[in-house]
Each structure stands twice: as C-alpha cells, then as structure tokens.
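The structure appears right after this line, and notes come after that.
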Amino acid sequence: MPEAISAALAHDGLVWLMLGAFAAGAVRGFAGFGTAMVFLPVAALFLSPVWALIALVVMDAFGPLPNLRRAVRDGRMGDLGWLLAGTAVALPVGLSVLYAVSPVVFRYAVSIVALSVPFTLMTGVRLRRTPGQGLLLGTGLSAGFLGGVSGLSGPPVILLYMATGDPVRIVRANNMLFLFAYTLLLLAVLAVQGRIEGAAVVIGLMLAVPNVIGNVTGAAIFRPERARLYRAAGYGLIVMSALGGLPVWDAFG
C-alpha cells in the first residue's frame, strides 16, 4: 500500500484530475448526471483507460452519497431493476473491448460520446409514453456495453429520461440512482476480473474529496424551477471537457 500511495502522489496531472473531479461533482449535484462525461475526458489525458475507469468508480462511489436520500424520495424506483439487468449482461462485453483498445482510441471514444449527449438532448426528442420493461431493458443493455467500452454508461439512460417529459426532479433522481448503482456494479466486475490496481484506487480516493464537495455544491444550488439554466451550464461543462480531451490537441502541446 505505501508503494501505491507514493505512485499516486507522484502521478502527473493530479491537480487537473482534482479540478476535473470537482467540476464533475458539481454537474452531477445539480443535474443528476455528468460525472463521467466531465471527468473521463480529463482523466484520459493523464491515466490509462483502465486506471481512468478505476479512479472514476472509486471516486463516484462516494460523491453522490449526500444526495441519494433525496433521489430515492423523488425517483421512480421500479425502473432500476430492468435497467440494471440489461447493464449487468452487457457490461463485461464492453469491458472486453476496452481492454483491447489503445489509450488514443479510448480518448476519442470518450470525447465523442460525451459530445453527442448535449447535442442530442438539444434536439428535443420526446417519448409519448412512460418507458415499458422492454425499453428499459434495451436501454440497460446499451448503457452496459457503452459503459464498458468508454466508462460512459449514462448517455442511453439520460437520453431516455430526458425524452419522457417527466418533471426535472424525477429525471434527475432516476439518472442519479442508476449511475450510482452502475458504479457499484462496475467496481464489482473489475474486482472479479482482477483489474483493480492499488495506485488507481488511491487516486480515486483522493479525488473523492473534491468530488463530494462538488456534489454538495451542485445540489445546494439546484432549483427545479431553474432547470433550463442548470442544463445549459451542465451541457457547457460537458462540451468543454470533451473537446479538451480530444487527442487532436496533442499536436499543439
């Protein structure tokens, strides 16, 4: 463990990772989603794909804790089982693809997926009915595979709930609960596969502090009647983080 701590403290970009963790927590606190979409493009600049994933899941196991009680009260809990069933099936498949790709491919995948979400949401796609079991299961399968490949399990679920026209408090709560459950599931799968590395865990624990502070800050300023403002701010942070993570900028560095 001392070696893991030393390796974590000596890692390049630790300050940037902390800033990314805080920004990701703030977006998650008021929007209910966005941790991975803000954090992973930054993490991919300094960490290998697997280390970035480990740091994310360790950090994100703590960040949303202060806001979960409210999410359980506001959310539609019956949806979670179907979403997670699909996620559990597809997640190992996505991870097997992740292990085979290069860090550059990972960075492109993360940034492109993160960029696609706010632009898709801005199109105003809407469902005319409450999601049924089949749609929830299919969304979970998509989320599991995408989460394994890129660490971004949120986009399919976020797009589903943002398209329902549900009140913003329900959308926020359901996204938050799913993403927290996905974090625990991913951590368990990585542990079973023997992919957990000490230094990456230590980095994740260090990032949990600014991430929790960001979550609390974001939740404190959340007001349902200002949903449009908060969504716009969240979209902006996601876009900036995703653009910053694109490998194309390496040519200028």
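Residues in the structure tokens are named by chain (A, B, ... in the order shown) and by number from 1 within that chain; ligands are numbered from 1 in the order shown.
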
Quick one: DSSP helix (DSSP H, G or I) residues in stretch 8-111 of chain A, as a ChimeraX atom specification? /A:8-9,14-31,35-43,49-60,65-74,77-98,103-111

Excluding A:Ala188 and its own-chain neighbours fewer than 5 positions away, which residues fall within 12 Å of it when counting only C-alpha atoms? Please give them as number ranges by chain. A: 54, 57-58, 61, 88, 91-92, 181-183, 193-196

List every residue of stretch 37-137 of chain A that has an atom at most 6 Å from any atom of stretch 148-157 of chain A, giving for each one its closest atom pair and the distance in Å to one decimal, counting only C-alpha atoms, sorted by chain and then by ascending residue number, as a tab-separated table.
residue	atom	partner	partner_atom	distance
A:Leu91	CA	A:Gly148	CA	5.1
A:Gly94	CA	A:Gly148	CA	3.9
A:Leu95	CA	A:Gly148	CA	4.2
A:Val97	CA	A:Val149	CA	5.9
A:Leu98	CA	A:Val149	CA	4.7
A:Val110	CA	A:Ser150	CA	5.5

Enter the distance from atom CA of A:Ser116 to atom CA of A:Tyr161, in Å, rounded to one decimal.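 Here the two named atoms are 16.0 Å from each other.
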
Counting only C-alpha atoms, the option among A:Ala31, A:Ala43, A:Val101, A:Val89 closest to A:Met18: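 Answer, going by the shortest atom-to-atom distance: A:Ala43.
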
Pick the closest to A:Ala85 from A:Gly63, A:Gly134, A:Gly32, A:Gly214: which is it, counting only C-alpha atoms?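 Of A:Gly63, A:Gly134, A:Gly32, A:Gly214, the one nearest A:Ala85 is A:Gly134, counting only C-alpha atoms.
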
I want to know what sits within 12 Å of A:Tyr235, based on only C-alpha atoms, with residues of the same chain fewer than 6 positions away left out; could you give that as an MDAnalysis selection string? chainID A and resid 24 27:28 30:31 33:35 37:38 114:122 228:229 241:242

For the residues in that selection, give me N, CA, C and O atoms as a compact mmCIF listing (two decimals), in the first residue's frame.
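Okay, this is what ended up in again_2.txt:
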# COMPACT_ATOMS: atom_id res chain seq x y z
N ALA A 24 -16.94 17.73 -12.19
CA ALA A 24 -17.84 16.61 -12.46
C ALA A 24 -18.85 16.44 -11.34
O ALA A 24 -20.04 16.17 -11.58
N VAL A 27 -21.58 19.23 -11.55
CA VAL A 27 -22.58 18.94 -12.59
C VAL A 27 -23.52 17.83 -12.12
O VAL A 27 -24.75 17.92 -12.28
N ARG A 28 -22.96 16.78 -11.51
CA ARG A 28 -23.79 15.67 -11.02
C ARG A 28 -24.74 16.14 -9.93
O ARG A 28 -25.90 15.71 -9.86
N PHE A 30 -26.26 19.05 -9.45
CA PHE A 30 -27.47 19.77 -9.83
C PHE A 30 -28.20 19.16 -11.01
O PHE A 30 -29.39 19.38 -11.20
N ALA A 31 -27.53 18.34 -11.83
CA ALA A 31 -28.20 17.76 -12.99
C ALA A 31 -28.60 16.31 -12.77
O ALA A 31 -29.50 15.81 -13.44
N PHE A 33 -26.56 13.87 -13.43
CA PHE A 33 -25.68 13.10 -14.31
C PHE A 33 -24.51 13.98 -14.70
O PHE A 33 -24.47 15.17 -14.36
N GLY A 34 -23.55 13.40 -15.42
CA GLY A 34 -22.46 14.20 -15.96
C GLY A 34 -21.10 13.92 -15.38
O GLY A 34 -20.10 14.40 -15.89
N THR A 35 -21.01 13.11 -14.30
CA THR A 35 -19.71 12.85 -13.68
C THR A 35 -18.72 12.29 -14.69
O THR A 35 -17.63 12.84 -14.88
N MET A 37 -18.93 12.08 -17.98
CA MET A 37 -18.79 12.88 -19.19
C MET A 37 -17.87 14.09 -18.98
O MET A 37 -17.21 14.55 -19.91
N VAL A 38 -17.82 14.60 -17.76
CA VAL A 38 -16.91 15.71 -17.45
C VAL A 38 -15.54 15.18 -17.05
O VAL A 38 -14.50 15.70 -17.49
N ALA A 114 -19.25 11.81 -25.17
CA ALA A 114 -19.62 12.92 -24.29
C ALA A 114 -20.18 14.09 -25.09
O ALA A 114 -21.16 14.73 -24.68
N LEU A 115 -19.58 14.38 -26.24
CA LEU A 115 -20.06 15.48 -27.07
C LEU A 115 -21.45 15.21 -27.64
O LEU A 115 -22.25 16.14 -27.83
N SER A 116 -21.74 13.94 -27.92
CA SER A 116 -23.01 13.61 -28.56
C SER A 116 -24.21 13.85 -27.65
O SER A 116 -25.31 14.14 -28.14
N VAL A 117 -24.00 13.74 -26.33
CA VAL A 117 -25.14 13.79 -25.42
C VAL A 117 -25.82 15.17 -25.39
O VAL A 117 -27.02 15.26 -25.63
N PRO A 118 -25.10 16.26 -25.08
CA PRO A 118 -25.80 17.55 -25.04
C PRO A 118 -26.41 17.94 -26.37
O PRO A 118 -27.51 18.51 -26.40
N PHE A 119 -25.74 17.61 -27.48
CA PHE A 119 -26.30 17.98 -28.78
C PHE A 119 -27.55 17.17 -29.10
O PHE A 119 -28.51 17.68 -29.68
N THR A 120 -27.57 15.90 -28.69
CA THR A 120 -28.77 15.08 -28.89
C THR A 120 -29.91 15.59 -28.02
O THR A 120 -31.06 15.68 -28.47
N LEU A 121 -29.60 15.95 -26.78
CA LEU A 121 -30.63 16.45 -25.88
C LEU A 121 -31.24 17.76 -26.39
O LEU A 121 -32.42 18.03 -26.20
N MET A 122 -30.41 18.57 -27.03
CA MET A 122 -30.90 19.86 -27.53
C MET A 122 -31.89 19.71 -28.68
O MET A 122 -32.59 20.66 -29.03
N ARG A 228 -33.74 24.82 -16.89
CA ARG A 228 -33.14 25.17 -18.17
C ARG A 228 -31.75 25.78 -17.98
O ARG A 228 -30.82 25.46 -18.73
N LEU A 229 -31.60 26.63 -16.99
CA LEU A 229 -30.31 27.26 -16.72
C LEU A 229 -29.27 26.22 -16.33
O LEU A 229 -28.14 26.23 -16.83
N SER A 241 -15.10 19.92 -21.52
CA SER A 241 -14.28 18.81 -21.07
C SER A 241 -14.02 17.83 -22.21
O SER A 241 -12.90 17.35 -22.40
N ALA A 242 -15.06 17.52 -23.00
CA ALA A 242 -14.92 16.58 -24.10
C ALA A 242 -13.97 17.11 -25.17
O ALA A 242 -13.11 16.39 -25.68

Residue contacts of A:Leu56 (8 Å, only C-alpha atoms) excluding same-chain residues fewer than 3 positions away, as a ChimeraX atom specification: /A:36,39-40,52-53,59-60,204

Residues as selected, all heavy atoms, written as a short mmCIF file (atom, residue, chain, number, x, y, z; two decimals), in the first residue's frame, can you do that?
data_model
loop_
_atom_site.label_atom_id
_atom_site.label_comp_id
_atom_site.auth_asym_id
_atom_site.auth_seq_id
_atom_site.Cartn_x
_atom_site.Cartn_y
_atom_site.Cartn_z
N ALA A 36 -19.07 11.18 -15.33
CA ALA A 36 -18.15 10.54 -16.26
C ALA A 36 -17.90 11.41 -17.48
O ALA A 36 -16.78 11.47 -18.00
CB ALA A 36 -18.68 9.17 -16.67
N PHE A 39 -15.52 14.12 -16.23
CA PHE A 39 -14.25 13.66 -15.66
C PHE A 39 -13.41 12.84 -16.62
O PHE A 39 -12.19 13.04 -16.70
CB PHE A 39 -14.53 12.84 -14.40
CG PHE A 39 -13.29 12.24 -13.79
CD1 PHE A 39 -12.37 13.03 -13.10
CD2 PHE A 39 -13.02 10.87 -13.92
CE1 PHE A 39 -11.22 12.49 -12.56
CE2 PHE A 39 -11.87 10.32 -13.36
CZ PHE A 39 -10.97 11.12 -12.68
N LEU A 40 -14.00 11.91 -17.36
CA LEU A 40 -13.20 10.99 -18.16
C LEU A 40 -12.38 11.65 -19.27
O LEU A 40 -11.24 11.24 -19.51
CB LEU A 40 -14.09 9.88 -18.74
CG LEU A 40 -14.46 8.77 -17.75
CD1 LEU A 40 -15.36 7.75 -18.42
CD2 LEU A 40 -13.21 8.08 -17.20
N ALA A 52 -8.22 5.11 -15.49
CA ALA A 52 -9.24 6.16 -15.51
C ALA A 52 -10.58 5.60 -15.03
O ALA A 52 -11.30 6.25 -14.26
CB ALA A 52 -9.38 6.73 -16.91
N LEU A 53 -10.90 4.39 -15.46
CA LEU A 53 -12.15 3.76 -15.06
C LEU A 53 -12.17 3.45 -13.57
O LEU A 53 -13.16 3.68 -12.88
CB LEU A 53 -12.35 2.47 -15.88
CG LEU A 53 -13.76 2.17 -16.37
CD1 LEU A 53 -14.30 3.33 -17.19
CD2 LEU A 53 -13.76 0.89 -17.20
N MET A 59 -14.02 7.08 -6.98
CA MET A 59 -14.45 8.44 -6.67
C MET A 59 -15.96 8.55 -6.63
O MET A 59 -16.55 9.15 -5.71
CB MET A 59 -13.88 9.39 -7.73
CG MET A 59 -14.36 10.81 -7.69
SD MET A 59 -13.80 11.76 -9.13
CE MET A 59 -15.06 11.29 -10.34
N ASP A 60 -16.61 7.95 -7.62
CA ASP A 60 -18.05 8.11 -7.77
C ASP A 60 -18.85 7.26 -6.80
O ASP A 60 -20.07 7.40 -6.72
CB ASP A 60 -18.46 7.78 -9.21
CG ASP A 60 -19.66 8.59 -9.67
OD1 ASP A 60 -19.85 9.70 -9.15
OD2 ASP A 60 -20.40 8.12 -10.55
N GLY A 204 -8.38 7.45 -6.95
CA GLY A 204 -9.83 7.60 -6.84
C GLY A 204 -10.26 8.09 -5.48
O GLY A 204 -11.16 8.94 -5.35
#

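Between atom CA of A:Met176 and atom CA of A:Val93 there is a distance of 23.6 Å.
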
Pick from A:Leu185, A:Leu83, A:Leu159, A:Leu190: nearest to A:Leu136, with only C-alpha atoms counted?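 Checking each candidate against A:Leu136, we get A:Leu83 as the closest.
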
Pick out the closest residue to A:Arg126 from this set: A:Leu184, A:Ala163, A:Thr217, A:Arg107. Count only C-alpha atoms.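 Looking only at the distances to A:Arg126, the closest residue turns out to be A:Ala163.
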
With distances taken over only C-alpha atoms, which of A:Val239, A:Ala55, A:Leu45, A:Ile112 is nearest to A:Leu207?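 Comparing A:Val239, A:Ala55, A:Leu45, A:Ile112 against A:Leu207, the winner is A:Ala55.
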
Which of these, A:Gly236, A:Gly140, A:Thr164, A:Pro49, has the shortest distance to A:Ser102 once you count only C-alpha atoms? A:Pro49

List the neighbours of A:Gly138 out to 9 Å using only C-alpha atoms; skip same-chain residues closer than 6 positions along the sequence, and give me the result as JSON, numbers by chain. {"A": [82, 83, 86, 87]}

Keeping all heavy atoms, export the residues of the selection given above as a short mmCIF file (atom, residue, chain, number, x, y, z; two decimals), in the first residue's frame.
data_model
loop_
_atom_site.label_atom_id
_atom_site.label_comp_id
_atom_site.auth_asym_id
_atom_site.auth_seq_id
_atom_site.Cartn_x
_atom_site.Cartn_y
_atom_site.Cartn_z
N TRP A 82 -34.90 -3.25 -14.17
CA TRP A 82 -34.80 -3.57 -15.59
C TRP A 82 -33.57 -2.93 -16.22
O TRP A 82 -32.87 -3.55 -17.04
CB TRP A 82 -36.06 -3.11 -16.32
CG TRP A 82 -37.26 -3.90 -15.90
CD1 TRP A 82 -38.25 -3.52 -15.04
CD2 TRP A 82 -37.58 -5.23 -16.31
NE1 TRP A 82 -39.17 -4.53 -14.88
CE2 TRP A 82 -38.79 -5.59 -15.66
CE3 TRP A 82 -36.97 -6.16 -17.17
CZ2 TRP A 82 -39.39 -6.84 -15.84
CZ3 TRP A 82 -37.57 -7.39 -17.35
CH2 TRP A 82 -38.76 -7.73 -16.69
N LEU A 83 -33.28 -1.69 -15.86
CA LEU A 83 -32.09 -1.03 -16.38
C LEU A 83 -30.82 -1.78 -15.98
O LEU A 83 -29.92 -2.03 -16.80
CB LEU A 83 -32.02 0.41 -15.88
CG LEU A 83 -33.02 1.41 -16.46
CD1 LEU A 83 -32.98 2.71 -15.68
CD2 LEU A 83 -32.73 1.67 -17.94
N GLY A 86 -30.18 -5.29 -17.76
CA GLY A 86 -29.54 -5.15 -19.06
C GLY A 86 -28.09 -4.73 -18.94
O GLY A 86 -27.21 -5.24 -19.66
N THR A 87 -27.81 -3.82 -18.02
CA THR A 87 -26.44 -3.34 -17.82
C THR A 87 -25.52 -4.48 -17.40
O THR A 87 -24.39 -4.60 -17.90
CB THR A 87 -26.43 -2.23 -16.77
OG1 THR A 87 -27.27 -1.16 -17.20
CG2 THR A 87 -25.02 -1.69 -16.56
#

In Å, with one decimal, what is the gap from atom CA of A:Gly147 to atom CA of A:Ala208?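 For atom CA of A:Gly147 relative to atom CA of A:Ala208, the distance reads 20.0 Å.
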